[in-house]
Structure formats: C-alpha cells, structure tokens
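> Below is a structure I'd like to ask you about.
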Amino acid sequence: MTVTYDFHDKSAFVTGAASDIGRTTALAFARVGAQVALVDRSVEGLSETPCGRTFDGGISGSATSHNAGHA
C-alpha cells in the first residue's frame, strides 16, 4: 500500500529546521508541495539547510532565525 500526500496550496512552519528531525521534516513537506518557512536559533545551521531548493512542485523554502540573547 502506497500513501501519497499532496500539500500544494498548503503552508508548513517548521521550528528547529537547522538540523536533524526539523530539517528532515521541512524537506519532507517541501517534497510534497508545501510552502515551507524554516525557523531555528542557529543561523549557521539554517544556512546549511537547502533553503530555496526547488522540488518537483517548484516549491522553495525560506529561512529566518531569532536569537533572543541566548548563547
């Protein structure tokens, strides 16, 4: 049994998107057509996440980071 998902015309907001589960989740949403907003405290990690990468549906991600004085 194959399950397919269509997230075209949907948005996903993924926190912790700079690494591990967050990055994998963001990429999975993008692959099924979602517009994905990536957020993480690690600017370096977000810069390594394939933001703006185009998938089959022509979907790209955007990256932002907020570090409220945390080390």
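Here's how to read the names in the structure tokens: chain A, B, ... by the order shown, residue numbers from 1 in each chain, ligand numbers from 1 in the order shown.
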Distance table requested - region 9-58 of chain A against region 2-5 of chain A, cut-off 12 Å, only C-alpha atoms: one row per qualifying residue with the closest atom pair and its distance in Å to one decimal, ordered by chain and rising residue number, as CSV.


residue,atom,partner,partner_atom,distance
A:Lys10,CA,A:Tyr5,CA,11.3
A:Ala28,CA,A:Tyr5,CA,10.3
A:Phe29,CA,A:Tyr5,CA,9.3
A:Ala30,CA,A:Tyr5,CA,11.1
A:Arg31,CA,A:Tyr5,CA,9.6
A:Val32,CA,A:Tyr5,CA,6.2
A:Gly33,CA,A:Tyr5,CA,8.7
A:Ala34,CA,A:Tyr5,CA,10.2

> List the spatial neighbours of Val14 (chain A) as a ChimeraX atom specification - criterion: any atom at most 9 Å away, only C-alpha atoms, same-chain residues fewer than 2 positions off excluded.

/A:12,16-17,22-23,25-26,36-40
